[in-house]
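Student: This is entry.txt, which holds compact mmCIF, C-alpha atoms:
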```
# COMPACT_ATOMS: atom_id res chain seq x y z
CA MET A 112 0.00 0.00 0.00
CA GLN A 113 1.46 3.32 -1.07
CA THR A 114 0.74 6.41 1.00
CA VAL A 115 1.13 10.03 0.07
CA LYS A 116 1.07 12.89 2.50
CA MET A 117 -0.37 16.37 2.39
CA VAL A 118 0.21 18.85 5.19
CA ILE A 119 -2.38 21.37 6.32
CA SER A 120 -0.86 24.23 8.28
CA GLY A 121 -1.85 27.67 9.52
CA ALA A 122 -2.00 29.84 12.61
CA VAL A 123 -4.06 28.97 15.68
CA ASN A 124 -7.78 28.85 14.92
CA SER A 125 -7.29 29.07 11.15
CA GLY A 126 -9.53 26.01 10.68
CA LYS A 127 -7.10 23.13 10.14
CA THR A 128 -9.01 20.60 12.23
CA GLU A 129 -12.33 21.50 10.55
CA PHE A 130 -10.74 21.30 7.11
CA ILE A 131 -9.50 17.75 7.67
CA LYS A 132 -12.70 16.66 9.42
CA THR A 133 -14.76 17.85 6.48
CA ILE A 134 -13.01 15.69 3.90
CA SER A 135 -11.53 12.73 5.80
CA GLU A 136 -13.11 9.30 5.38
CA ILE A 137 -12.17 8.30 8.87
CA GLU A 138 -12.92 9.94 12.18
CA VAL A 139 -10.15 12.51 12.48
CA VAL A 140 -7.51 11.59 14.97
CA SER A 141 -7.13 14.85 16.79
CA THR A 142 -5.32 15.57 19.99
CA GLU A 143 -7.11 18.50 21.50
CA ARG A 144 -6.18 19.86 24.85
CA ARG A 145 -7.17 22.84 26.88
CA ALA A 146 -4.94 25.65 25.66
CA THR A 147 -2.40 26.80 28.21
CA ASP A 148 -0.78 29.81 26.60
CA ASP A 149 -1.96 32.88 24.63
CA THR A 150 -4.01 30.53 22.50
CA SER A 151 -6.56 30.35 25.29
CA LYS A 152 -7.54 33.92 24.43
CA VAL A 153 -8.70 32.67 21.03
CA LYS A 154 -10.14 29.27 21.80
CA ASP A 155 -10.55 27.04 24.84
CA LYS A 156 -9.29 23.91 23.20
CA THR A 157 -6.73 23.69 20.46
CA THR A 158 -4.72 21.06 18.63
CA VAL A 159 -1.49 20.65 20.52
CA ALA A 160 -0.29 17.55 18.69
CA MET A 161 -1.80 17.08 15.28
CA ASP A 162 -4.83 16.06 13.26
CA PHE A 163 -4.77 13.10 11.01
CA GLY A 164 -7.22 12.29 8.24
CA ARG A 165 -7.29 9.75 5.46
CA ILE A 166 -8.75 9.33 1.97
CA ALA A 167 -8.47 5.98 0.16
CA ILE A 168 -7.56 6.56 -3.48
CA GLY A 169 -7.68 2.89 -4.48
CA ASN A 170 -6.69 -0.50 -3.16
CA ASP A 171 -3.04 0.38 -3.41
CA LEU A 172 -2.96 4.08 -2.62
CA VAL A 173 -3.96 6.22 0.37
CA LEU A 174 -3.81 9.97 0.87
CA HIS A 175 -2.94 11.06 4.40
CA LEU A 176 -3.78 14.54 5.62
CA PHE A 177 -1.74 15.90 8.50
CA GLY A 178 -2.71 19.08 10.34
CA THR A 179 0.11 20.81 12.15
CA PRO A 180 -0.27 22.10 15.69
CA GLY A 181 -0.81 25.85 15.70
CA GLN A 182 1.04 26.70 18.89
CA LYS A 183 4.56 28.03 18.55
CA ARG A 184 6.06 25.66 21.08
CA PHE A 185 5.26 22.74 18.79
CA ASP A 186 7.19 24.19 15.85
CA PHE A 187 9.64 21.31 16.08
CA MET A 188 6.87 19.02 14.78
CA TRP A 189 6.64 20.93 11.52
CA GLU A 190 9.92 19.70 10.17
CA ILE A 191 9.02 16.09 10.96
CA LEU A 192 5.59 16.46 9.37
CA SER A 193 6.93 18.11 6.25
CA GLU A 194 9.30 15.22 5.41
CA GLY A 195 8.21 13.71 2.11
CA MET A 196 5.02 15.72 1.74
CA LEU A 197 3.44 15.92 -1.70
CA GLY A 198 2.07 19.39 -1.11
CA LEU A 199 1.07 21.93 1.47
CA ILE A 200 -2.09 23.86 2.21
CA ILE A 201 -1.75 27.00 4.32
CA LEU A 202 -5.01 28.01 5.92
CA VAL A 203 -5.57 31.64 6.87
CA ASP A 204 -8.38 33.03 8.97
CA SER A 205 -9.44 35.76 6.54
CA THR A 206 -11.21 37.68 9.29
CA ARG A 207 -8.18 38.11 11.56
CA PRO A 208 -5.38 40.31 10.15
CA GLU A 209 -3.56 39.89 13.45
CA THR A 210 -2.70 36.34 12.32
CA PHE A 211 -1.20 37.33 8.93
CA ARG A 212 2.28 37.84 10.36
CA GLU A 213 2.21 34.41 11.99
CA THR A 214 0.92 32.93 8.72
CA ASN A 215 3.91 34.42 6.92
CA ARG A 216 6.23 32.88 9.48
CA ILE A 217 4.66 29.49 8.81
CA ILE A 218 4.92 29.88 5.03
CA ASP A 219 8.55 30.95 5.41
CA PHE A 220 9.28 27.91 7.54
CA PHE A 221 7.85 25.35 5.14
CA VAL A 222 8.92 27.01 1.94
CA SER A 223 12.41 28.00 3.04
CA TYR A 224 13.64 24.43 3.38
CA ARG A 225 11.86 22.68 0.57
CA ASP A 226 10.63 23.76 -2.81
CA THR A 227 7.22 22.30 -1.99
CA PRO A 228 4.13 23.15 -4.05
CA TYR A 229 1.59 24.97 -1.89
CA VAL A 230 -1.66 26.88 -2.01
CA ILE A 231 -3.10 29.35 0.46
CA ALA A 232 -6.70 28.78 1.49
CA ALA A 233 -8.46 31.99 2.52
CA ASN A 234 -10.72 30.41 5.12
CA LYS A 235 -13.94 31.76 6.66
CA GLN A 236 -14.98 33.49 3.44
CA ASP A 237 -18.58 33.09 4.59
CA ARG A 238 -18.00 35.66 7.35
CA PRO A 239 -18.96 39.30 6.70
CA ASN A 240 -15.60 40.85 7.60
CA ALA A 241 -13.43 38.40 5.61
CA TRP A 242 -10.57 39.82 3.54
CA SER A 243 -10.85 38.68 -0.08
CA PRO A 244 -8.26 36.24 -1.54
CA ASP A 245 -6.80 39.09 -3.63
CA GLU A 246 -6.38 41.25 -0.54
CA LEU A 247 -4.86 38.35 1.35
CA ARG A 248 -2.31 37.75 -1.43
CA LEU A 249 -1.14 41.34 -1.03
CA ALA A 250 -1.26 41.25 2.75
CA LEU A 251 0.82 38.05 2.80
CA ARG A 252 3.05 39.37 0.01
CA GLN A 253 2.67 36.27 -2.09
CA PRO A 254 3.85 36.29 -5.72
CA PRO A 255 1.23 36.01 -8.50
CA HIS A 256 1.99 32.36 -9.25
CA VAL A 257 0.97 31.23 -5.73
CA LYS A 258 -2.73 30.35 -5.68
CA VAL A 259 -4.74 32.07 -2.94
CA VAL A 260 -8.15 30.43 -3.06
CA PRO A 261 -11.41 31.05 -1.20
CA CYS A 262 -12.34 28.47 1.41
CA VAL A 263 -15.00 27.59 3.94
CA ALA A 264 -13.45 24.74 5.90
CA VAL A 265 -16.79 23.34 7.06
CA ASP A 266 -18.08 23.06 3.50
CA ARG A 267 -17.14 19.83 1.71
CA GLU A 268 -17.26 21.27 -1.82
CA SER A 269 -15.06 24.17 -0.77
CA VAL A 270 -12.49 21.84 0.84
CA LYS A 271 -12.52 19.62 -2.26
CA SER A 272 -11.90 22.65 -4.41
CA VAL A 273 -8.86 23.69 -2.32
CA LEU A 274 -7.41 20.17 -2.47
CA LEU A 275 -7.91 20.09 -6.24
CA ASP A 276 -6.24 23.48 -6.61
CA LEU A 277 -3.22 22.09 -4.81
CA LEU A 278 -3.22 18.88 -6.86
CA TYR A 279 -3.37 20.81 -10.14
CA THR A 280 -0.52 22.99 -8.90
CA ILE A 281 1.52 19.86 -8.21
CA LEU A 282 0.63 18.47 -11.61
CA GLU A 283 1.64 21.69 -13.39
CA ARG A 284 4.93 21.74 -11.50
CA SER A 285 5.49 18.11 -12.36
CA ASN A 286 4.84 18.81 -16.06
CA GLU A 287 7.26 21.76 -16.01
CA GLU A 288 9.97 19.57 -14.52
CA GLY A 289 9.41 17.05 -17.31
CA MET B 7 -16.88 45.53 3.02
CA PRO B 8 -14.22 47.62 4.86
CA LEU B 9 -10.89 46.11 5.85
CA VAL B 10 -10.35 46.43 9.58
CA GLY B 11 -7.49 45.52 11.87
CA ASN B 12 -4.87 46.60 14.35
CA ILE B 13 -1.78 48.64 13.41
CA GLN B 14 0.32 46.59 15.80
CA ASP B 15 -0.38 43.45 13.77
CA PHE B 16 -0.65 44.95 10.30
CA GLY B 17 1.38 48.13 10.15
CA LEU B 18 1.11 51.20 7.98
CA SER B 19 3.89 50.01 5.67
CA ASP B 20 2.03 46.71 5.14
CA PHE B 21 -1.12 48.60 4.35
CA LEU B 22 0.57 51.01 1.95
CA TYR B 23 2.06 48.01 0.13
CA LEU B 24 -1.43 46.50 -0.17
CA VAL B 25 -2.85 49.77 -1.47
CA ASP B 26 -0.03 50.15 -4.00
CA ARG B 27 -0.09 46.62 -5.38
CA GLY B 28 -3.86 46.38 -5.27
CA TYR B 29 -4.34 49.77 -7.02
CA LYS B 30 -6.80 50.58 -4.26
CA THR B 31 -9.08 53.59 -4.23
CA GLY B 32 -10.58 54.55 -0.91
CA CYS B 33 -9.98 56.00 2.51
CA LEU B 34 -7.77 54.63 5.27
CA TYR B 35 -8.80 55.73 8.76
CA LEU B 36 -6.23 55.34 11.54
CA ASN B 37 -7.17 55.75 15.18
CA ARG B 38 -5.24 55.61 18.41
CA GLU B 39 -6.49 56.89 21.73
CA ASP B 40 -7.67 60.44 20.93
CA GLU B 41 -5.81 60.81 17.62
CA GLN B 42 -7.12 60.19 14.13
CA ALA B 43 -5.61 60.22 10.64
CA VAL B 44 -7.27 59.99 7.25
CA LEU B 45 -5.49 59.00 4.05
CA PHE B 46 -7.22 58.98 0.69
CA PHE B 47 -5.90 56.93 -2.21
CA ASP B 48 -6.71 56.90 -5.88
CA LYS B 49 -5.64 53.77 -7.82
CA GLY B 50 -2.91 52.96 -5.30
CA ARG B 51 -1.51 56.49 -4.99
CA LEU B 52 -1.90 58.93 -2.13
CA ILE B 53 -3.98 62.00 -2.87
CA TYR B 54 -4.61 63.41 0.58
CA ALA B 55 -3.57 62.80 4.19
CA SER B 56 -4.63 64.76 7.21
CA PRO B 57 -5.51 64.47 10.89
CA HIS B 58 -8.89 66.00 10.02
CA GLU B 59 -11.31 64.38 7.62
CA HIS B 60 -13.20 67.52 6.71
CA GLU B 61 -10.34 69.96 6.34
CA THR B 62 -10.59 72.15 3.23
CA LEU B 63 -7.83 73.16 0.84
CA SER B 64 -7.87 76.77 2.04
CA ASP B 65 -7.74 75.59 5.69
CA VAL B 66 -4.55 73.64 4.99
CA LEU B 67 -2.87 76.27 2.84
CA MET B 68 -3.54 78.92 5.43
CA ARG B 69 -2.36 76.67 8.23
CA ILE B 70 0.95 75.93 6.53
CA GLY B 71 1.35 79.58 5.54
CA SER B 72 1.19 79.15 1.75
CA VAL B 73 -1.60 81.67 1.34
CA SER B 74 -2.85 84.57 3.40
CA SER B 75 -6.48 84.46 2.36
CA PRO B 76 -8.86 81.68 1.22
CA GLU B 77 -9.60 83.48 -2.08
CA VAL B 78 -6.02 83.00 -3.33
CA THR B 79 -6.36 79.19 -3.32
CA GLN B 80 -8.87 79.35 -6.18
CA SER B 81 -6.34 80.75 -8.63
CA MET B 82 -3.32 78.72 -7.53
CA PRO B 83 -1.69 76.80 -10.45
CA PRO B 84 -1.50 72.99 -9.96
CA VAL B 85 2.33 73.00 -9.89
CA GLN B 86 2.38 75.57 -7.11
CA LEU B 87 -0.33 73.71 -5.25
CA GLN B 88 1.61 70.45 -5.54
CA SER B 89 4.80 72.02 -4.18
CA ALA B 90 2.90 73.56 -1.30
CA LEU B 91 0.96 70.44 -0.33
CA GLN B 92 3.27 67.50 -1.10
CA PRO B 93 6.03 68.14 1.51
CA HIS B 94 3.35 68.80 4.10
CA VAL B 95 1.47 65.57 3.27
CA GLU B 96 4.66 63.49 3.13
CA GLU B 97 5.93 64.74 6.48
CA TYR B 98 2.58 64.01 8.03
CA VAL B 99 2.54 60.44 6.67
CA TYR B 100 6.08 59.81 8.00
CA THR B 101 4.89 60.66 11.50
CA LEU B 102 2.23 57.94 11.16
CA PHE B 103 4.94 55.28 10.76
CA GLY B 104 5.72 55.92 14.41
CA TRP B 105 2.28 54.74 15.51
CA GLY B 106 3.00 51.43 17.16
CA GLU B 107 -0.59 50.73 18.03
CA GLY B 108 -4.09 51.72 17.10
CA GLU B 109 -6.75 50.58 14.70
CA PHE B 110 -7.24 50.93 10.98
CA LEU B 111 -10.27 50.80 8.75
CA PHE B 112 -10.12 50.99 4.97
CA GLU B 113 -13.29 51.99 3.18
CA HIS B 114 -13.16 50.93 -0.47
CA GLY B 115 -14.13 53.49 -3.09
CA GLN B 116 -14.58 56.38 -0.66
CA LYS B 117 -13.48 59.71 -2.10
CA PRO B 118 -12.63 63.02 -0.39
CA ASN B 119 -14.90 66.06 -0.56
CA ALA B 120 -14.44 68.30 -3.60
CA ASP B 121 -12.98 71.10 -1.44
CA ALA B 122 -10.48 68.77 0.31
CA PRO B 123 -6.72 69.47 -0.08
CA ILE B 124 -6.28 66.93 -2.88
CA LEU B 125 -2.85 66.71 -4.48
CA PRO B 126 -3.03 67.55 -8.22
CA THR B 127 -0.48 64.76 -8.85
CA PRO B 128 -0.98 61.69 -6.63
CA ILE B 129 2.13 60.46 -4.77
CA PRO B 130 3.43 56.90 -5.38
CA VAL B 131 3.48 55.12 -2.03
CA GLU B 132 6.72 53.17 -2.61
CA ASN B 133 8.72 56.28 -1.79
CA LEU B 134 6.62 56.94 1.27
CA ILE B 135 7.28 53.39 2.46
CA MET B 136 11.03 53.71 1.88
CA GLU B 137 11.30 57.03 3.70
CA GLY B 138 8.92 55.96 6.47
CA VAL B 139 10.94 52.82 7.04
CA ARG B 140 14.23 54.80 6.97
CA ARG B 141 13.00 56.50 10.07
CA ILE B 142 12.54 53.21 11.84
CA ASP B 143 15.68 52.19 13.62
CA GLU B 144 14.29 49.61 15.95
CA TRP B 145 16.17 46.36 15.65
CA GLY B 146 13.14 44.56 17.05
CA ARG B 147 10.89 45.49 14.17
CA ILE B 148 13.60 44.73 11.62
CA LYS B 149 14.33 41.35 13.25
CA ASP B 150 10.72 40.44 12.84
CA ARG B 151 11.23 40.19 9.09
CA ILE B 152 14.98 39.60 8.96
CA PRO B 153 15.70 37.19 11.79
CA SER B 154 19.22 36.29 10.66
CA THR B 155 22.08 37.77 8.64
CA ASP B 156 22.56 34.34 7.05
CA LEU B 157 19.50 35.02 4.91
CA ILE B 158 20.07 35.82 1.25
CA PRO B 159 18.37 38.85 -0.31
CA ARG B 160 17.21 38.53 -3.88
CA PHE B 161 15.19 40.69 -6.23
CA LEU B 162 11.57 40.17 -6.97
CA GLU B 163 10.29 40.71 -10.52
CA ARG B 164 11.93 43.41 -12.67
CA PRO B 165 13.96 45.19 -9.96
CA SER B 166 15.32 47.97 -12.16
CA GLU B 167 11.85 48.98 -13.30
CA LYS B 168 10.50 49.02 -9.76
CA ALA B 169 13.56 50.82 -8.40
CA LYS B 170 13.00 53.67 -10.87
CA GLY B 171 10.11 54.90 -8.78
CA VAL B 172 12.10 54.82 -5.56
CA LYS B 173 14.71 57.38 -4.59
CA LEU B 174 17.63 55.54 -3.07
CA SER B 175 20.39 57.10 -1.01
CA PRO B 176 24.06 56.36 -1.94
CA GLU B 177 24.23 53.93 1.01
CA GLU B 178 21.12 52.13 -0.24
CA TRP B 179 22.54 51.94 -3.76
CA ARG B 180 25.70 50.31 -2.37
CA VAL B 181 23.58 47.57 -0.84
CA PHE B 182 21.21 47.37 -3.83
CA ALA B 183 24.13 46.84 -6.22
CA ARG B 184 25.42 43.90 -4.23
CA ILE B 185 22.20 41.91 -4.09
CA ASN B 186 22.75 38.94 -6.35
CA GLY B 187 20.61 36.12 -4.91
CA LYS B 188 23.74 34.29 -3.74
CA ASP B 189 25.39 36.38 -1.03
CA SER B 190 24.00 36.51 2.49
CA LEU B 191 23.31 39.74 4.34
CA ALA B 192 26.46 39.16 6.37
CA THR B 193 28.48 38.91 3.14
CA VAL B 194 26.85 42.06 1.77
CA ALA B 195 27.82 43.84 4.99
CA GLN B 196 31.43 42.73 4.58
CA SER B 197 31.63 43.77 0.94
CA THR B 198 30.06 47.18 1.49
CA GLY B 199 31.90 47.94 4.71
CA LEU B 200 28.58 48.75 6.37
CA SER B 201 27.52 47.28 9.69
CA GLU B 202 25.18 44.29 9.65
CA PHE B 203 22.54 46.47 11.31
CA ASP B 204 22.80 49.10 8.55
CA VAL B 205 22.55 46.46 5.83
CA CYS B 206 19.54 44.86 7.51
CA ARG B 207 17.91 48.28 7.95
CA VAL B 208 18.39 49.08 4.26
CA VAL B 209 17.18 45.64 3.15
CA TYR B 210 14.20 45.97 5.49
CA GLY B 211 13.24 49.05 3.49
CA PHE B 212 13.57 47.15 0.20
CA LEU B 213 11.54 44.29 1.65
CA THR B 214 8.80 46.57 2.88
CA ALA B 215 8.61 48.37 -0.46
CA GLY B 216 8.33 44.98 -2.20
CA LEU B 217 11.62 45.19 -4.09
CA VAL B 218 13.33 42.14 -2.61
CA GLU B 219 12.69 39.00 -0.60
CA VAL B 220 15.04 37.26 1.83
CA VAL B 221 15.35 33.50 1.67
CA LYS B 222 17.34 30.75 3.33
CA ARG B 223 20.22 29.15 1.46
CA GLN B 224 18.42 25.78 1.61
CA ARG B 225 15.52 27.26 -0.39
CA ILE B 226 17.83 28.39 -3.19
CA GLN B 227 19.47 24.97 -3.22
CA ALA B 228 16.08 23.25 -3.36
CA GLU B 229 14.98 25.45 -6.26
CA THR B 230 18.20 24.73 -8.12
CA ARG B 231 17.69 20.99 -7.66
CA SER B 232 14.10 21.29 -8.78
CA ALA B 233 15.00 23.35 -11.86
CA ALA B 234 17.62 20.78 -12.79
CA GLY B 235 15.03 18.04 -12.49
CA SER B 236 17.20 16.16 -10.04
CA GLY B 237 14.57 16.03 -7.27
CA SER B 238 12.54 12.98 -6.44
CA GLY B 239 10.19 13.74 -9.34
CA LEU B 240 6.48 13.84 -8.83
CA ARG B 241 4.56 10.99 -10.33
CA ARG B 242 2.00 12.53 -12.57
CA SER B 243 -0.12 9.40 -12.79
CA LEU B 244 -0.32 9.23 -9.01
CA VAL B 245 -1.45 12.85 -8.74
CA SER B 246 -3.95 12.30 -11.57
CA ARG B 247 -5.45 9.37 -9.67
CA ILE B 248 -5.85 11.48 -6.54
CA ILE B 249 -7.48 14.24 -8.58
CA ALA B 250 -9.94 11.78 -10.11
CA ARG B 251 -10.80 10.42 -6.66
CA ILE B 252 -11.32 13.84 -5.06
CA GLU B 253 -13.46 15.00 -7.97
CA LYS B 254 -15.81 12.05 -7.41
CA MET B 255 -16.16 12.60 -3.67
```
Please render this file's structure as structure tokens.

Tutor:
Amino acid sequence: MQTVKMVISGAVNSGKTEFIKTISEIEVVSTERRATDDTSKVKDKTTVAMDFGRIAIGNDLVLHLFGTPGQKRFDFMWEILSEGMLGLIILVDSTRPETFRETNRIIDFFVSYRDTPYVIAANKQDRPNAWSPDELRLALRQPPHVKVVPCVAVDRESVKSVLLDLLYTILERSNEEG
Amino acid sequence: MPLVGNIQDFGLSDFLYLVDRGYKTGCLYLNREDEQAVLFFDKGRLIYASPHEHETLSDVLMRIGSVSSPEVTQSMPPVQLQSALQPHVEEYVYTLFGWGEGEFLFEHGQKPNADAPILPTPIPVENLIMEGVRRIDEWGRIKDRIPSTDLIPRFLERPSEKAKGVKLSPEEWRVFARINGKDSLATVAQSTGLSEFDVCRVVYGFLTAGLVEVVKRQRIQAETRSAAGSGSGLRRSLVSRIIARIEKM
């Protein structure tokens, strides 16, 4: 059985757990604990280890989805999680500009070591005060070739669309490399 | 829908970059304690900035001593008006870079009143960002975006074209000329004879104005490997199978 891995990352409360829950075929393995640091100001419980979801592609192939912990003190997990990943989805809470700087730090971390294909999912687009994907691209200073796509992590079609955007990005990159 | 946020988390330079690259038209309101600032933009360029939203052209010209009576403002040629208003507006905007906290609200499409002190020629914001950032000498803020001198600065798209709109000092040109996408900030400091702090401060300005990015050496190596096709190689058929599966879900 071959497995491929995608990593879902983003700042605290960006919607990583919801995103994986919405698309995974298995009950998401999530290690939630009562937050003990500044995170508690945003949410009572947060993912301190990681989320894990799974989609069977066929009898011989499985897609694993790993959500990274949002809290800074678990940064060391990111490098382990990013080993051998096929692609990366960065979730951003489009309603909270105070998390954009942290989001940039996360993008820098993952992209600075590996030339991994990634897309940015502008989550919570159903909220009235959400920044648009175009505004987020500028706020996060992403170049035009990086896809910044709208997302509502609790909506299955929206999550599918983000995953497909990433997969097409990987495919395009793969074609360019020959 | 207005864009709202906190200056501490998303500073004025970040916002000016967004306005510039997004060719935004509208009004940016800044508030902190009992102070307020209003900046109007037209297609990404600044046309008016003031602590008072409803100030008129004659109010401003009289305040800064350019005219002695409101009647004179009517007949003022645009060139003269520009030279009277622009330094005043620029200096005011530079003071706003010092606001470490407060709130912002950007109202799309909002335009100033017809009698507002609108600049005949809108000001490009890249220069405002560069000068505003020049006045920042806090290592802490610079470190936030340049955490190490091992990082390598490299140009973003078409640097010479972008740099045309920005007035660089001789010291900034010395650094600019040595950015080659290979040498680290520490190396640039050695070759220019400037201190690492000065090089980082200059590069922070370039970064903020969107002229350069700073990357780790590993990233450049990974890109080189990828461009040479020597990486692990992504299996197209495998990705195509996953796409087909997701589409059916």

Student: I'd like the neighbourhood of B:Met136 as a PyMOL selection string, where a residue qualifies if any of its atoms comes within 8 Å (using all atoms listed in the file), though same-chain residues fewer than 5 positions away should be ignored.

Tutor: chain B and resi 172+211-212+214-215

Student: For the point (-13.3, 22.4, 0.1) in the file's frame, write as a ChimeraX atom specification all residues with an atom no more than 12 Å away, counting only C-alpha atoms.

Tutor: /A:126-127,129-135,200,202,232-236,260-277 /B:252-253,255

Student: Please indicate the distance in Å from atom CA of A:Leu197 to atom CA of A:Leu278, rounded to one decimal place.

Tutor: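 Atom CA of A:Leu197 sits 8.9 Å away from atom CA of A:Leu278.
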
Student: With 6 Å as the limit and counting only C-alpha atoms, what residues in chain B lie close to chain A? Please list them as a PyMOL selection string.

Tutor: chain B and resi 11+15+24+222+224-225+228-229+235+240+251

Student: Up to 12 Å from (24.0, 34.9, 6.2) in the file's coordinates: name the residues, counting only C-alpha atoms, as a PyMOL selection string.

Tutor: chain B and resi 152-159+187-196+202+205-206+220-224

Student: Please indicate the distance in Å from atom CA of A:Ile137 to atom CA of A:Phe177, rounded to one decimal place.

Tutor: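 About the pair atom CA of A:Ile137 and atom CA of A:Phe177: they are 12.9 Å apart.
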
Student: Find the distance between atom CA of B:Pro130 and atom CA of B:Met7 and write it in Å to one decimal.

Tutor: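 Interatomic distance, atom CA of B:Pro130 to atom CA of B:Met7: 24.7 Å.
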
Student: Find the residues near B:Arg140: any atom within 10 Å, counting all atoms listed in the file, skip ones fewer than 4 places away on the same chain, and give them as a PyMOL selection string.

Tutor: chain B and resi 100+134-136+207-208+210-211

Student: May I ask which of the residues A:Thr128, A:Asn170, A:Thr179, A:Ser193 is the closest one to A:Lys116, counting all atoms listed in the file?

Tutor: A:Ser193

Student: When you count all atoms listed in the file, which of these residues is closest to B:Lys117: B:Glu219, B:Glu177, B:Glu41, B:Glu59?

Tutor: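 Ranked by minimum distance to B:Lys117, first place goes to B:Glu59.
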
Student: With only C-alpha atoms as the atoms that count, which of A:Gly121, A:Gly164, A:Pro228, A:Gly198 lies nearest to A:Pro180?

Tutor: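 Among the listed residues, A:Gly121 lies closest to A:Pro180.
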
Student: Could N, CA and C atoms be built for stretch 76-90 of chain B and written out as a JSON list (two decimals), in the coordinates of the input?

Tutor:
```
[["chain", "number", "residue", "atom", "x", "y", "z"],
["B", 76, "PRO", "N", -8.26, 82.83, 1.90],
["B", 76, "PRO", "CA", -8.86, 81.68, 1.22],
["B", 76, "PRO", "C", -9.09, 81.92, -0.27],
["B", 77, "GLU", "N", -9.29, 83.17, -0.68],
["B", 77, "GLU", "CA", -9.60, 83.48, -2.08],
["B", 77, "GLU", "C", -8.44, 83.09, -3.01],
["B", 78, "VAL", "N", -7.21, 83.24, -2.50],
["B", 78, "VAL", "CA", -6.02, 83.00, -3.33],
["B", 78, "VAL", "C", -5.95, 81.55, -3.80],
["B", 79, "THR", "N", -6.46, 80.63, -2.99],
["B", 79, "THR", "CA", -6.36, 79.19, -3.32],
["B", 79, "THR", "C", -7.07, 78.87, -4.63],
["B", 80, "GLN", "N", -8.10, 79.64, -4.97],
["B", 80, "GLN", "CA", -8.87, 79.35, -6.18],
["B", 80, "GLN", "C", -8.02, 79.48, -7.44],
["B", 81, "SER", "N", -7.11, 80.46, -7.40],
["B", 81, "SER", "CA", -6.34, 80.75, -8.63],
["B", 81, "SER", "C", -4.94, 80.12, -8.61],
["B", 82, "MET", "N", -4.67, 79.27, -7.66],
["B", 82, "MET", "CA", -3.32, 78.72, -7.53],
["B", 82, "MET", "C", -3.06, 77.68, -8.64],
["B", 83, "PRO", "N", -1.97, 77.80, -9.41],
["B", 83, "PRO", "CA", -1.69, 76.80, -10.45],
["B", 83, "PRO", "C", -1.38, 75.43, -9.81],
["B", 84, "PRO", "N", -1.72, 74.34, -10.53],
["B", 84, "PRO", "CA", -1.50, 72.99, -9.96],
["B", 84, "PRO", "C", -0.07, 72.73, -9.50],
["B", 85, "VAL", "N", 0.92, 73.24, -10.26],
["B", 85, "VAL", "CA", 2.33, 73.00, -9.89],
["B", 85, "VAL", "C", 2.63, 73.62, -8.54],
["B", 86, "GLN", "N", 2.14, 74.85, -8.37],
["B", 86, "GLN", "CA", 2.38, 75.57, -7.11],
["B", 86, "GLN", "C", 1.65, 74.87, -5.95],
["B", 87, "LEU", "N", 0.46, 74.41, -6.26],
["B", 87, "LEU", "CA", -0.33, 73.71, -5.25],
["B", 87, "LEU", "C", 0.37, 72.42, -4.82],
["B", 88, "GLN", "N", 0.90, 71.71, -5.82],
["B", 88, "GLN", "CA", 1.61, 70.45, -5.54],
["B", 88, "GLN", "C", 2.82, 70.73, -4.64],
["B", 89, "SER", "N", 3.61, 71.78, -5.00],
["B", 89, "SER", "CA", 4.80, 72.02, -4.18],
["B", 89, "SER", "C", 4.46, 72.53, -2.80],
["B", 90, "ALA", "N", 3.29, 73.12, -2.65],
["B", 90, "ALA", "CA", 2.90, 73.56, -1.30],
["B", 90, "ALA", "C", 2.40, 72.38, -0.47]]
```
